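S.K.: Below is a structure I'd like to ask you about.
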Amino acid sequence: MREGSGGPPPRGGGGGGGGGGPPPPPPPPGLYSRKWKSVDALPQNAIIGVPNDPSNEGRALLLLQANGLIRLRNEVGLLPTARDVADNRKHVQIKELDAGIVGRAIDDLDAAVVNTGWAFKGAAGAYRAGEGNG
């Protein structure tokens, strides 16, 4: 379930030119599934796994919102939680899991928001449903 462009995360260290400089920012998370090939194909009451730590859960929920699955309250900022969901027309069930487990649990979920590094470890063979928003 892949919409848009993408690929493996960039390799290599910091800012080019022989060292020094900060490393590039991590790639955004993606919405992955082995059962469904697109966001639109996700059924009512789909179970979607998200990382349970504050920053990654916030990014995951913002990604679900960007893909039209949920709508968050306007004033939540960058660290929303599942309690901040204001509209959930598909009645997706958000399952909070440890970030290292989300990708490995993909067979037990309809979809999962997985950090790109974990996606290549645990969600291999899954379709990417939607793009991250950083």
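Chain identifiers are assigned as A, B, and so on, following the order in which chains appear in the structure tokens; residues are numbered from 1 within each chain, and ligands are numbered from 1 in order of appearance.
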Would you please extract all strand (DSSP E) residues from stretch 36-126 of chain A, as assigned by DSSP on the backbone, and give them as a list in words?
M.R.: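 Checking each residue of stretch 36-126 of chain A, the strand (DSSP E) ones are Ile47, Ile48, Gly49, Val50, Pro51, Arg71, Leu72, Val85, Ala86, Asp87, Gln93, Ile94, Lys95, Glu96, Leu97, Ala111, Ala112, Val113 and Val114 of chain A.
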S.K.: Fewer than 6 positions away in the same chain doesn't count, so skip those; otherwise give me all residues within 8 Å of stretch 108-115 of chain A, counting only C-alpha atoms, as a PyMOL selection string.
M.R.: chain A and resi 27-36+42+46-51+60+99+102
S.K.: When you draw a straight line from atom CA of A:Lys90 to atom CA of A:Val39, how long is it in Å?
M.R.: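 Going from atom CA of A:Lys90 over to atom CA of A:Val39 covers 11.0 Å.
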S.K.: So which residues touch A:Asp53 within 8 Å, counting only C-alpha atoms, skipping near sequence neighbours fewer than 3 positions away, as JSON, numbers by chain?
M.R.: {"A": [56, 57, 98, 99]}
S.K.: Within 8 Å of stretch 83-87 of chain A, counting only C-alpha atoms, which residues show up once you throw out same-chain ones fewer than 4 positions away? Write them as a list in words, please.
M.R.: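 Counting only the stated atoms, we get Ile70, Arg71, Leu72, Arg73 and Val76 of chain A.
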S.K.: Pull C-alpha atoms from the residues just selected and write them as a PDB file, in the first residue's frame.
M.R.:
```pdb
ATOM      1  CA  ILE A  70      -8.832  11.193  11.470  1.00  0.00           C
ATOM      2  CA  ARG A  71      -9.127  14.869  12.323  1.00  0.00           C
ATOM      3  CA  LEU A  72      -7.360  16.271  15.385  1.00  0.00           C
ATOM      4  CA  ARG A  73      -8.478  19.212  17.491  1.00  0.00           C
ATOM      5  CA  VAL A  76      -3.070  20.189  19.735  1.00  0.00           C
TER       6      VAL A  76
END
```
S.K.: Just the residues within 9 Å of A:Gln44, please, counting only C-alpha atoms, with nothing from its chain fewer than 5 positions along; format it as a PyMOL selection string.
M.R.: chain A and resi 89-92
S.K.: Write a file of the selected residues as a PDB file, in the first residue's frame, keeping N, CA, C and O atoms.
M.R.:
```pdb
ATOM      1  N   ARG A  89     -14.212   9.336  11.120  1.00  0.00           N
ATOM      2  CA  ARG A  89     -15.330   8.858  10.302  1.00  0.00           C
ATOM      3  C   ARG A  89     -15.235   7.383   9.945  1.00  0.00           C
ATOM      4  O   ARG A  89     -16.244   6.727   9.766  1.00  0.00           O
ATOM      5  N   LYS A  90     -14.035   6.856   9.815  1.00  0.00           N
ATOM      6  CA  LYS A  90     -13.873   5.424   9.518  1.00  0.00           C
ATOM      7  C   LYS A  90     -13.825   4.589  10.798  1.00  0.00           C
ATOM      8  O   LYS A  90     -13.679   3.379  10.730  1.00  0.00           O
ATOM      9  N   HIS A  91     -13.909   5.250  11.932  1.00  0.00           N
ATOM     10  CA  HIS A  91     -13.870   4.564  13.235  1.00  0.00           C
ATOM     11  C   HIS A  91     -12.628   3.693  13.380  1.00  0.00           C
ATOM     12  O   HIS A  91     -12.695   2.587  13.907  1.00  0.00           O
ATOM     13  N   VAL A  92     -11.480   4.220  12.882  1.00  0.00           N
ATOM     14  CA  VAL A  92     -10.245   3.457  13.033  1.00  0.00           C
ATOM     15  C   VAL A  92      -9.920   3.335  14.516  1.00  0.00           C
ATOM     16  O   VAL A  92     -10.187   4.230  15.306  1.00  0.00           O
TER      17      VAL A  92
END
```
S.K.: Give the answer as one residue: which of A:Ala41, A:Leu78, A:Leu61, A:Ala66 has the shortest atom-to-atom distance to A:Lys95, using only C-alpha atoms?
M.R.: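 Using only C-alpha atoms, the shortest distance to A:Lys95 belongs to A:Leu61.
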